[in-house]
Structure formats: structure tokens, C-alpha cells
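A.B. asks: Please read through the structure below; I'll follow up with questions.
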Amino acid sequence: MTNELVHARIEQQRPGLLVGYETAYDGMLSVETSREQIGALLEFLRDDELLQFHFLTTLCGIHFPEEKDRELCVMYQLHNWRKNIRIRVKVFFPVEDPHLPTATTLWAAANWMERETYDFYGVRFVGHPNLTRILNVEDLDVFPMRKEYRLEDGTRTDKDDRFLGGEGHEGRQFD
Amino acid sequence: MTKIAEMPEGFAGEGFFATSLSKAVGIARANSIWPLPFATSCCGIEFMATMGTDYDLSRFGMERLSFSPRQSDLLMVMGTIAKKMAPVLKQVYTQMAEPKWVIAVGACASSGGIFDTYSVLQGIDKVIPVDVYVPGCPPRPEQIIDGIMKIQELVKNEPLRRRFSPEYQHLLEKYQIA
Amino acid sequence: MNGEKIVSAEPTIGYIHRAFEKLAEHRPYNQITPITDRLNYCSSPINNMGWHMTVEKLAKIEVPKRAQYMRVIIMELALWTAP
Ligand code: SF4
């Protein structure tokens, strides 16, 4: 089975599900869909007797701050073990309104991955059974993987990197 | 060959030896430290090498690792302590009985190391008092042994009353440990 | 907990979350190698290889035969030490 076949099959069985598609640099089929269609597309990919993408390899968020109204992206990677073919599904949506239907109804494995995506990017998965922070401390009030947040701990007071080209630290007085 | 701890200063005579209680207790403590390994990441692997036969930490009276904080004297923190882990570390420390010592093994435990990030505690001395820092990422087993010997030196020379002194109470208060 | 019996438990993770991803965002490719080293400290060369192969795929670099042999040897050695 080839990428063209997979794409043709989706288009033939469910026309209108896809917004765009390409073959990525590594030869994997990468399709894009919309927020409204993602649930239907994933279910179709899993249950179609020809495609059988029954395994959710990974699910993660991506942040593109420059692209207006397409800032956040959630990427699903599915794998068909029997034919050993993979597919990448992407959904883009604006950062102001980050919500997406959950995939936990299709794969139980999506549970923690969605929690992680929520933790890092603040994507709200509607219908998720327990959407709380997973890796970070509960009371963190930012979504740290978004590009606007800095890497270093903002509360740090013991670092003076002005001589290394940094901007120093407001927390401490130097004279 | 068994090696016997060296005699402290004191008066020796025919059939008797007198020294201060502090010194005798110090020697006894220093040569029978029970460590509690708090190994969270890579430095823990290095510690396992140190415990193993090649480097053999049990030479220093550490035959038994204590995995219960209540029965241990030395907290060995090895590896990155994330902010989520910090309360756990503090709880382990408070559960240990006095007298207790802490050794921070590796750059991460001492200062955050290469992980200068939002999620990593920048040195465990932010939450608990530390006696000896061992640098390195990861430190060689020799370095860890050197740190252990420094701890032994501290233990040996610690006055019995130190844990009741106002300075020590003040130190604990600073870390908000009752 | 009921006495000494554990009645129910809930798994949580993230106790050594070190923000690798964010750290890697801020570094040139070759400087990420020490971070992947410390991902899995039992078999760090194998982790490095995963990262290097990713970069090679991205940059379309082909690795010479000799380097590939060396990699395999190093990875096998790492496999011995990994428990
Ligand atoms: S100091 Fe280095 S080797 Fe030790 S835990 Fe930190 S990253 Fe790992």
C-alpha cells in the first residue's frame, strides 16, 4: 500500500474530510484536516477495513507563532502494523480558542498524550475524562512550550549573565 | 585486612584510654553511616557503580543502604530534582532522624546543572540544607567517594551539641523545617 | 490506604521532567547531543543515535560506511552495560 492509495481511499470514501495533503520529507503521508472533521477522520482511519490505522503512535502539539489563526497545531501519528504504513494527521487552529474533540474515545492511549498536550500548549480536549497537568506542577499558570514563554525559571535570582550577553536579572541589585 | 579506625587524641595509660565523648561518638558515627540513596537520574547510575564491587562504598561502613528515611543518617541526593519532586525531597528529609547529613551529588543536585529551565529546581539547597557538594556531570565514582570522605570528616568532628545549638535551629527555621 | 493495605492508587508522572524539549529548542543541533545523552543514562549512545538519525534525515546527510560500523560497535557496547 502506498501513500497515494491511502490518500485516494480517504478521498473516495469520505470526500471533503481533508483540507490538504503532502508527502513529508521522510516519505510519510501527511494530511491536514479541520477541527470539525478530526474526530470523523480518525475514526474512519481506524475502522476502515482497507486502511486499518489501528495504532496511535503519538500525539503532540506544535506552536507556530507567526501564522495567523493557525498558531497551534495538533499532530497525530497513526500506524498500520499489518501493512507497516504510517500516516500523519494535522489540525490547525487559532491560539485564542484552543479546543479540540478528544481522541480518548478511540484510543485509551490518547489519555496521557492529550494531558501532556494540554499541559504544554493549553489545548483543551473536549470530552477528556481528566484533563489536568501531567508533567508540570499543578499550580503552574503558563503553558511552557508556547514560544513566548522563556526557558529559564523566571523566579531565579542568583544569575548574572550580563557579561555573557544576557540582560541581567531584575531580581537582584548590582552596584 | 581489617583496618581499625585511628585513635583520637586522649590520655593513654596502663590498661585505660580516656578521650572526650564527642570524639568517641564521632568516630563511631563516621564509620557506620547509613546512607539513603535518593537517586533520580543519571548520577544515580554513577552511584550504583560506586556501590558496586569495583569502588566498594561499603569500605566506609556503608554496607547497608537504608531505604527508609527513618533509619538513615546520610541523604545522598543524586540527579535532577524537578520542582514537582522538591516537596517529596523535603518530606524525606524531615522524616530522617537527627543527626542527619546531606550530600548533593552532581551538578543538577548542586545547582541545576545544564537544566536551567522552568521545571528544574536550581539546586537542592533551595529546599534543604546541604553539607557537601560533589561537582561533575556526572561525577566519577572517585569523586563521590571523595565527597563521602568529606562527610565522614564532618561527622567525625561534629560536636555532640551541634544539633541543639541555636545556630542549627536557625538554619532549620530558614528552610522552614520544624 | 487502609492500614498497611493500599486500596487504590493513581499513577502520576513528571517527577523528573527537565524541559528537554524547550532546552533543545534553544540549541544548535550538535549541542543537543549531551541532552539526549541524559535522557536514558543506561544506554545513552543509543539515544544519541536516534537524535543523530533524525537530524541526518532532516538534512539529508548520508553517513559513511565506516561511521556506521563504528556506531554499531558503540551501540553494542552500550547494550552490554545497559541492564
Ligand atoms: S549532573 Fe549531569 S549526570 Fe548528574 S543527574 Fe544531572 S545531568 Fe545527569
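Labeling convention for the C-alpha cells: chains A, B, ... as they appear, residues from 1 per chain, ligands from 1 in order of appearance.
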Select the residues contacting ligand 1 at a distance of at most 6 Å, based on only C-alpha atoms and all ligand atoms, then format the selection as a compact mmCIF listing (two decimals) with N, CA, C and O atoms, in the first residue's frame.
C.D. replies:
```txt
# COMPACT_ATOMS: atom_id res chain seq x y z
N SER B 41 18.23 10.38 38.72
CA SER B 41 18.59 10.19 37.30
C SER B 41 20.04 9.79 37.14
O SER B 41 20.55 9.01 37.93
N CYS B 42 20.68 10.32 36.11
CA CYS B 42 21.96 9.77 35.64
C CYS B 42 22.99 9.61 36.75
O CYS B 42 23.71 8.62 36.79
N CYS B 43 23.09 10.56 37.65
CA CYS B 43 24.08 10.45 38.71
C CYS B 43 23.82 9.23 39.57
O CYS B 43 24.74 8.69 40.17
N GLY B 79 21.08 13.44 41.18
CA GLY B 79 20.26 13.61 39.99
C GLY B 79 19.41 14.85 40.05
O GLY B 79 19.36 15.56 41.04
N THR B 80 18.73 15.06 38.93
CA THR B 80 17.92 16.25 38.78
C THR B 80 16.72 16.20 39.71
O THR B 80 16.02 15.21 39.76
N GLY B 106 26.51 15.66 42.00
CA GLY B 106 26.28 16.05 40.62
C GLY B 106 25.85 17.50 40.49
O GLY B 106 25.38 18.13 41.43
N ALA B 107 26.05 18.00 39.28
CA ALA B 107 25.75 19.40 39.02
C ALA B 107 24.27 19.70 39.21
O ALA B 107 23.90 20.76 39.70
N CYS B 108 23.42 18.74 38.82
CA CYS B 108 21.99 19.00 38.90
C CYS B 108 21.54 19.23 40.34
O CYS B 108 20.84 20.18 40.65
N GLY B 113 22.54 22.38 37.22
CA GLY B 113 23.34 21.82 36.14
C GLY B 113 22.97 22.41 34.79
O GLY B 113 22.70 23.61 34.67
N CYS B 137 29.32 16.13 36.00
CA CYS B 137 28.08 15.80 35.29
C CYS B 137 28.31 14.63 34.38
O CYS B 137 28.52 14.80 33.22
N PRO B 138 28.28 13.42 34.83
CA PRO B 138 28.18 13.01 36.23
C PRO B 138 29.55 12.94 36.87
O PRO B 138 30.54 12.82 36.17
N ARG C 38 21.52 12.29 28.34
CA ARG C 38 21.00 12.21 29.69
C ARG C 38 19.52 11.82 29.73
O ARG C 38 18.90 11.85 30.79
```
A.B. asks: Run DSSP on the backbone and grab whatever in chain C lands in helix (DSSP H, G or I); send it over as a VMD selection string.
C.D. replies: chain C and resid 20 to 25 29 to 37 44 to 59 65 to 81
A.B. asks: Limited to N, CA and C atoms, could you put the picked residues into a file as a compact mmCIF listing (two decimals), in the first residue's frame?
C.D. replies:
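For reference, result.txt as written:
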```txt
# COMPACT_ATOMS: atom_id res chain seq x y z
N PHE C 20 13.36 19.07 28.51
CA PHE C 20 14.26 18.76 27.41
C PHE C 20 13.84 19.47 26.13
N GLU C 21 12.55 19.45 25.86
CA GLU C 21 12.08 19.95 24.57
C GLU C 21 12.39 21.43 24.44
N LYS C 22 12.07 22.14 25.51
CA LYS C 22 12.30 23.57 25.48
C LYS C 22 13.80 23.87 25.41
N LEU C 23 14.57 23.08 26.13
CA LEU C 23 16.02 23.26 26.13
C LEU C 23 16.56 23.03 24.72
N ALA C 24 16.04 22.01 24.07
CA ALA C 24 16.53 21.67 22.74
C ALA C 24 16.13 22.72 21.72
N GLU C 25 15.01 23.39 21.98
CA GLU C 25 14.59 24.45 21.06
C GLU C 25 15.62 25.56 20.98
N TYR C 29 21.95 22.06 16.63
CA TYR C 29 21.75 20.61 16.59
C TYR C 29 22.82 19.84 17.35
N ASN C 30 24.09 20.22 17.14
CA ASN C 30 25.13 19.38 17.74
C ASN C 30 25.14 19.51 19.26
N GLN C 31 24.65 20.61 19.78
CA GLN C 31 24.67 20.78 21.22
C GLN C 31 23.53 20.04 21.92
N ILE C 32 22.65 19.45 21.14
CA ILE C 32 21.56 18.71 21.76
C ILE C 32 22.03 17.31 22.17
N THR C 33 23.13 16.87 21.56
CA THR C 33 23.62 15.53 21.87
C THR C 33 23.81 15.29 23.37
N PRO C 34 24.45 16.20 24.10
CA PRO C 34 24.56 15.92 25.54
C PRO C 34 23.22 15.81 26.25
N ILE C 35 22.19 16.46 25.73
CA ILE C 35 20.90 16.31 26.41
C ILE C 35 20.31 14.94 26.15
N THR C 36 20.42 14.48 24.90
CA THR C 36 19.87 13.15 24.63
C THR C 36 20.68 12.09 25.36
N ASP C 37 21.95 12.39 25.63
CA ASP C 37 22.75 11.50 26.47
C ASP C 37 22.05 11.24 27.78
N SER C 44 23.04 5.61 26.74
CA SER C 44 22.99 6.94 26.10
C SER C 44 23.41 6.94 24.63
N PRO C 45 24.40 6.16 24.20
CA PRO C 45 24.75 6.22 22.77
C PRO C 45 23.57 5.87 21.88
N ILE C 46 22.71 5.00 22.35
CA ILE C 46 21.58 4.59 21.51
C ILE C 46 20.59 5.75 21.38
N ASN C 47 20.42 6.48 22.48
CA ASN C 47 19.57 7.66 22.40
C ASN C 47 20.16 8.70 21.46
N ASN C 48 21.48 8.88 21.56
CA ASN C 48 22.13 9.84 20.68
C ASN C 48 21.90 9.46 19.23
N MET C 49 21.95 8.16 18.98
CA MET C 49 21.81 7.72 17.61
C MET C 49 20.43 8.08 17.07
N GLY C 50 19.43 7.94 17.92
CA GLY C 50 18.09 8.32 17.49
C GLY C 50 18.07 9.78 17.07
N TRP C 51 18.68 10.61 17.87
CA TRP C 51 18.71 12.04 17.56
C TRP C 51 19.51 12.31 16.29
N HIS C 52 20.67 11.65 16.18
CA HIS C 52 21.51 11.91 15.02
C HIS C 52 20.83 11.46 13.74
N MET C 53 20.14 10.35 13.83
CA MET C 53 19.48 9.87 12.62
C MET C 53 18.35 10.82 12.23
N THR C 54 17.70 11.40 13.22
CA THR C 54 16.67 12.38 12.90
C THR C 54 17.26 13.56 12.15
N VAL C 55 18.38 14.07 12.67
CA VAL C 55 18.99 15.22 12.02
C VAL C 55 19.47 14.87 10.63
N GLU C 56 20.02 13.66 10.50
CA GLU C 56 20.51 13.26 9.18
C GLU C 56 19.36 13.18 8.19
N LYS C 57 18.23 12.68 8.65
CA LYS C 57 17.05 12.60 7.79
C LYS C 57 16.61 14.00 7.38
N LEU C 58 16.59 14.89 8.37
CA LEU C 58 16.14 16.26 8.10
C LEU C 58 17.06 16.94 7.11
N ALA C 59 18.37 16.78 7.31
CA ALA C 59 19.34 17.49 6.49
C ALA C 59 19.78 16.69 5.29
N LYS C 65 30.18 4.58 5.45
CA LYS C 65 30.12 3.19 5.92
C LYS C 65 30.90 3.03 7.23
N ARG C 66 32.08 3.60 7.26
CA ARG C 66 32.96 3.43 8.42
C ARG C 66 32.29 3.97 9.69
N ALA C 67 31.67 5.13 9.54
CA ALA C 67 30.99 5.71 10.70
C ALA C 67 29.84 4.82 11.15
N GLN C 68 29.18 4.22 10.16
CA GLN C 68 28.06 3.36 10.52
C GLN C 68 28.53 2.13 11.29
N TYR C 69 29.66 1.58 10.83
CA TYR C 69 30.22 0.44 11.57
C TYR C 69 30.56 0.84 12.99
N MET C 70 31.20 2.00 13.12
CA MET C 70 31.59 2.44 14.44
C MET C 70 30.38 2.63 15.33
N ARG C 71 29.33 3.16 14.74
CA ARG C 71 28.11 3.36 15.52
C ARG C 71 27.58 2.04 16.05
N VAL C 72 27.55 1.07 15.16
CA VAL C 72 27.01 -0.22 15.58
C VAL C 72 27.84 -0.78 16.72
N ILE C 73 29.17 -0.65 16.60
CA ILE C 73 30.04 -1.20 17.66
C ILE C 73 29.75 -0.47 18.97
N ILE C 74 29.66 0.85 18.90
CA ILE C 74 29.43 1.62 20.12
C ILE C 74 28.08 1.26 20.72
N MET C 75 27.09 1.10 19.86
CA MET C 75 25.76 0.79 20.39
C MET C 75 25.75 -0.60 21.02
N GLU C 76 26.48 -1.54 20.41
CA GLU C 76 26.53 -2.87 21.00
C GLU C 76 27.20 -2.82 22.37
N LEU C 77 28.25 -2.03 22.45
CA LEU C 77 28.93 -1.91 23.74
C LEU C 77 27.99 -1.31 24.77
N ALA C 78 27.22 -0.32 24.34
CA ALA C 78 26.28 0.31 25.26
C ALA C 78 25.23 -0.69 25.71
N LEU C 79 24.87 -1.58 24.80
CA LEU C 79 23.86 -2.57 25.12
C LEU C 79 24.33 -3.50 26.23
N TRP C 80 25.64 -3.76 26.24
CA TRP C 80 26.16 -4.62 27.31
C TRP C 80 25.99 -3.97 28.66
N THR C 81 26.32 -2.69 28.70
CA THR C 81 26.30 -2.04 30.01
C THR C 81 24.89 -1.77 30.48
```
A.B. asks: Enter the distance from CA of Trp101 (chain B) to CA of Ser58 (chain B), in Å, rounded to one decimal.
C.D. replies: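 The value is 17.7 Å.
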A.B. asks: Residues of chain B were defined as contacting chain C if any atom lay at most 7 Å from it, counting only C-alpha atoms; please report them as a PyMOL selection string.
C.D. replies: chain B and resi 42+80-82+84-85+115+117+119-120
A.B. asks: Quick one: distance from CA of Thr132 (chain A) to CA of Thr12 (chain C) in Å, one decimal?
C.D. replies: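 Between CA of Thr132 (chain A) and CA of Thr12 (chain C) the gap works out to 11.0 Å.
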A.B. asks: Provide the CA of Glu98 (chain B) to CA of Val127 (chain B) distance in Å, to one decimal place.
C.D. replies: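 Rounded to one decimal, the two atoms are 17.4 Å apart.
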A.B. asks: When distances are computed from only C-alpha atoms, which of B:Ser32, B:Ser72, B:Thr19, B:Ser111 shows the smallest separation from chain A?
C.D. replies: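 Once distances to chain A are computed over only C-alpha atoms, the minimum belongs to B:Ser111.
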A.B. asks: Pick out the residues sitting within 12 Å of Met51 (chain B), and hand them over as a PDB file with N, CA, C and O atoms, in the first residue's frame; count only C-alpha atoms, and ignore anything fewer than 3 positions along from it in its own chain.
C.D. replies:
```pdb
ATOM      1  N   PRO B  35      23.494   5.325  54.515  1.00  0.00           N
ATOM      2  CA  PRO B  35      23.018   6.295  53.532  1.00  0.00           C
ATOM      3  C   PRO B  35      21.644   5.949  52.982  1.00  0.00           C
ATOM      4  O   PRO B  35      21.276   4.784  52.881  1.00  0.00           O
ATOM      5  N   PRO B  37      19.947   6.494  49.537  1.00  0.00           N
ATOM      6  CA  PRO B  37      20.155   6.995  48.183  1.00  0.00           C
ATOM      7  C   PRO B  37      18.864   7.549  47.605  1.00  0.00           C
ATOM      8  O   PRO B  37      17.858   6.849  47.553  1.00  0.00           O
ATOM      9  N   GLY B  44      22.567   8.811  39.628  1.00  0.00           N
ATOM     10  CA  GLY B  44      22.254   7.613  40.387  1.00  0.00           C
ATOM     11  C   GLY B  44      22.957   6.403  39.813  1.00  0.00           C
ATOM     12  O   GLY B  44      23.389   5.513  40.547  1.00  0.00           O
ATOM     13  N   ILE B  45      23.076   6.353  38.493  1.00  0.00           N
ATOM     14  CA  ILE B  45      23.773   5.244  37.853  1.00  0.00           C
ATOM     15  C   ILE B  45      25.233   5.240  38.288  1.00  0.00           C
ATOM     16  O   ILE B  45      25.817   4.194  38.587  1.00  0.00           O
ATOM     17  N   GLU B  46      25.787   6.435  38.357  1.00  0.00           N
ATOM     18  CA  GLU B  46      27.176   6.544  38.796  1.00  0.00           C
ATOM     19  C   GLU B  46      27.307   6.079  40.249  1.00  0.00           C
ATOM     20  O   GLU B  46      28.275   5.443  40.632  1.00  0.00           O
ATOM     21  N   PHE B  47      26.285   6.389  41.011  1.00  0.00           N
ATOM     22  CA  PHE B  47      26.298   5.955  42.412  1.00  0.00           C
ATOM     23  C   PHE B  47      26.242   4.435  42.498  1.00  0.00           C
ATOM     24  O   PHE B  47      26.888   3.825  43.340  1.00  0.00           O
ATOM     25  N   MET B  48      25.468   3.838  41.598  1.00  0.00           N
ATOM     26  CA  MET B  48      25.391   2.379  41.614  1.00  0.00           C
ATOM     27  C   MET B  48      26.755   1.774  41.317  1.00  0.00           C
ATOM     28  O   MET B  48      27.131   0.757  41.907  1.00  0.00           O
ATOM     29  N   ASP B  54      33.668  -2.667  42.326  1.00  0.00           N
ATOM     30  CA  ASP B  54      34.901  -2.019  41.912  1.00  0.00           C
ATOM     31  C   ASP B  54      35.315  -0.916  42.878  1.00  0.00           C
ATOM     32  O   ASP B  54      36.467  -0.820  43.267  1.00  0.00           O
ATOM     33  N   TYR B  55      34.360  -0.096  43.215  1.00  0.00           N
ATOM     34  CA  TYR B  55      34.694   1.047  44.062  1.00  0.00           C
ATOM     35  C   TYR B  55      34.308   0.806  45.510  1.00  0.00           C
ATOM     36  O   TYR B  55      34.892   1.382  46.402  1.00  0.00           O
ATOM     37  N   ASP B  56      33.305  -0.013  45.722  1.00  0.00           N
ATOM     38  CA  ASP B  56      33.021  -0.583  47.029  1.00  0.00           C
ATOM     39  C   ASP B  56      32.859   0.441  48.146  1.00  0.00           C
ATOM     40  O   ASP B  56      33.757   0.677  48.951  1.00  0.00           O
ATOM     41  N   LEU B  57      31.706   1.023  48.170  1.00  0.00           N
ATOM     42  CA  LEU B  57      31.450   2.036  49.198  1.00  0.00           C
ATOM     43  C   LEU B  57      31.372   1.429  50.588  1.00  0.00           C
ATOM     44  O   LEU B  57      31.520   2.134  51.582  1.00  0.00           O
ATOM     45  N   SER B  58      31.167   0.126  50.652  1.00  0.00           N
ATOM     46  CA  SER B  58      30.995  -0.464  51.987  1.00  0.00           C
ATOM     47  C   SER B  58      32.279  -0.434  52.796  1.00  0.00           C
ATOM     48  O   SER B  58      32.258  -0.682  53.993  1.00  0.00           O
ATOM     49  N   ARG B  59      33.395  -0.131  52.129  1.00  0.00           N
ATOM     50  CA  ARG B  59      34.631   0.059  52.899  1.00  0.00           C
ATOM     51  C   ARG B  59      34.478   1.136  53.959  1.00  0.00           C
ATOM     52  O   ARG B  59      35.174   1.148  54.952  1.00  0.00           O
ATOM     53  N   PHE B  60      33.557   2.050  53.719  1.00  0.00           N
ATOM     54  CA  PHE B  60      33.437   3.185  54.625  1.00  0.00           C
ATOM     55  C   PHE B  60      32.347   2.979  55.663  1.00  0.00           C
ATOM     56  O   PHE B  60      31.829   3.925  56.227  1.00  0.00           O
ATOM     57  N   GLY B  61      32.008   1.755  55.891  1.00  0.00           N
ATOM     58  CA  GLY B  61      30.974   1.485  56.876  1.00  0.00           C
ATOM     59  C   GLY B  61      29.583   1.684  56.333  1.00  0.00           C
ATOM     60  O   GLY B  61      28.641   1.885  57.074  1.00  0.00           O
ATOM     61  N   MET B  62      29.451   1.646  55.013  1.00  0.00           N
ATOM     62  CA  MET B  62      28.129   1.855  54.415  1.00  0.00           C
ATOM     63  C   MET B  62      27.649   0.567  53.791  1.00  0.00           C
ATOM     64  O   MET B  62      27.212   0.537  52.650  1.00  0.00           O
ATOM     65  N   GLU B  63      27.783  -0.489  54.539  1.00  0.00           N
ATOM     66  CA  GLU B  63      27.393  -1.774  53.984  1.00  0.00           C
ATOM     67  C   GLU B  63      25.914  -1.780  53.662  1.00  0.00           C
ATOM     68  O   GLU B  63      25.488  -2.321  52.657  1.00  0.00           O
ATOM     69  N   ARG B  64      25.166  -1.151  54.488  1.00  0.00           N
ATOM     70  CA  ARG B  64      23.722  -1.255  54.340  1.00  0.00           C
ATOM     71  C   ARG B  64      23.144   0.067  53.853  1.00  0.00           C
ATOM     72  O   ARG B  64      23.254   1.087  54.513  1.00  0.00           O
ATOM     73  N   LEU B  65      22.528  -0.003  52.707  1.00  0.00           N
ATOM     74  CA  LEU B  65      21.769   1.159  52.249  1.00  0.00           C
ATOM     75  C   LEU B  65      20.421   1.116  52.941  1.00  0.00           C
ATOM     76  O   LEU B  65      19.808   0.066  53.034  1.00  0.00           O
ATOM     77  N   PRO B 141      33.060   7.946  40.142  1.00  0.00           N
ATOM     78  CA  PRO B 141      32.921   7.309  41.452  1.00  0.00           C
ATOM     79  C   PRO B 141      33.969   7.788  42.442  1.00  0.00           C
ATOM     80  O   PRO B 141      33.684   7.916  43.635  1.00  0.00           O
ATOM     81  N   GLU B 142      35.188   8.055  41.949  1.00  0.00           N
ATOM     82  CA  GLU B 142      36.225   8.563  42.861  1.00  0.00           C
ATOM     83  C   GLU B 142      35.779   9.861  43.504  1.00  0.00           C
ATOM     84  O   GLU B 142      36.011  10.103  44.686  1.00  0.00           O
ATOM     85  N   ILE B 144      32.706  10.813  44.040  1.00  0.00           N
ATOM     86  CA  ILE B 144      31.660  10.542  45.022  1.00  0.00           C
ATOM     87  C   ILE B 144      32.291  10.044  46.303  1.00  0.00           C
ATOM     88  O   ILE B 144      31.931  10.454  47.407  1.00  0.00           O
ATOM     89  N   ILE B 145      33.305   9.170  46.158  1.00  0.00           N
ATOM     90  CA  ILE B 145      33.976   8.649  47.347  1.00  0.00           C
ATOM     91  C   ILE B 145      34.645   9.791  48.095  1.00  0.00           C
ATOM     92  O   ILE B 145      34.604   9.861  49.323  1.00  0.00           O
ATOM     93  N   ILE B 148      32.107  11.466  50.061  1.00  0.00           N
ATOM     94  CA  ILE B 148      31.747  10.662  51.236  1.00  0.00           C
ATOM     95  C   ILE B 148      32.786  10.843  52.337  1.00  0.00           C
ATOM     96  O   ILE B 148      32.465  10.969  53.524  1.00  0.00           O
TER      97      ILE B 148
END
```
A.B. asks: Could you pull out all residues of region 23-139 of chain A with a DSSP call of strand (DSSP E) and give them as a PyMOL selection string?
C.D. replies: chain A and resi 23+29-33+55-63+72-80+85-93+99-101+124-126
A.B. asks: Dump as a list in words the residues of chain A that approach chain B to within 6 Å, counting only C-alpha atoms.
C.D. replies: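 Output check: Val137, Leu151, Glu152 and Asp153 of chain A.
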A.B. asks: Go ahead and save the picked residues with all heavy atoms, as a JSON list (two decimals), in the first residue's frame.
C.D. replies:
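Once written, selection_15.json looks like this:
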```json
[["chain", "number", "residue", "atom", "x", "y", "z"],
["A", 137, "VAL", "N", 4.16, 21.03, 37.60],
["A", 137, "VAL", "CA", 3.48, 21.18, 38.88],
["A", 137, "VAL", "C", 2.09, 21.74, 38.63],
["A", 137, "VAL", "O", 1.86, 22.51, 37.70],
["A", 137, "VAL", "CB", 4.27, 22.10, 39.82],
["A", 137, "VAL", "CG1", 5.41, 21.34, 40.43],
["A", 137, "VAL", "CG2", 4.78, 23.32, 39.10],
["A", 151, "LEU", "N", 12.73, 30.07, 28.56],
["A", 151, "LEU", "CA", 13.21, 28.76, 29.02],
["A", 151, "LEU", "C", 13.52, 28.77, 30.50],
["A", 151, "LEU", "O", 13.15, 27.87, 31.24],
["A", 151, "LEU", "CB", 14.47, 28.41, 28.21],
["A", 151, "LEU", "CG", 15.30, 27.24, 28.67],
["A", 151, "LEU", "CD1", 14.54, 25.95, 28.47],
["A", 151, "LEU", "CD2", 16.59, 27.18, 27.89],
["A", 152, "GLU", "N", 14.19, 29.86, 30.94],
["A", 152, "GLU", "CA", 14.67, 29.84, 32.31],
["A", 152, "GLU", "C", 13.53, 30.09, 33.28],
["A", 152, "GLU", "O", 12.51, 30.66, 32.96],
["A", 152, "GLU", "CB", 15.73, 30.92, 32.53],
["A", 152, "GLU", "CG", 17.05, 30.59, 31.93],
["A", 152, "GLU", "CD", 17.20, 31.22, 30.58],
["A", 152, "GLU", "OE1", 16.27, 31.95, 30.17],
["A", 152, "GLU", "OE2", 18.22, 30.98, 29.93],
["A", 153, "ASP", "N", 13.77, 29.65, 34.46],
["A", 153, "ASP", "CA", 12.88, 29.91, 35.56],
["A", 153, "ASP", "C", 12.85, 31.41, 35.83],
["A", 153, "ASP", "O", 13.88, 32.02, 36.11],
["A", 153, "ASP", "CB", 13.44, 29.14, 36.76],
["A", 153, "ASP", "CG", 12.60, 29.32, 37.98],
["A", 153, "ASP", "OD1", 11.59, 30.02, 37.88],
["A", 153, "ASP", "OD2", 12.96, 28.75, 39.01]]
```
A.B. asks: Should the cut-off be 10 Å, what would the residue list for chain A against chain C look like, counting only C-alpha atoms, as a ChimeraX atom specification?
C.D. replies: /A:25-26,112,116,133-137,144-147,149-152
A.B. asks: Would you mind telling me which residue in A:Ile87, A:Leu50, A:Cys73, A:Ala24 lies nearest to His99 (chain A) when using only C-alpha atoms?
C.D. replies: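 The closest residue to His99 (chain A) is A:Cys73.
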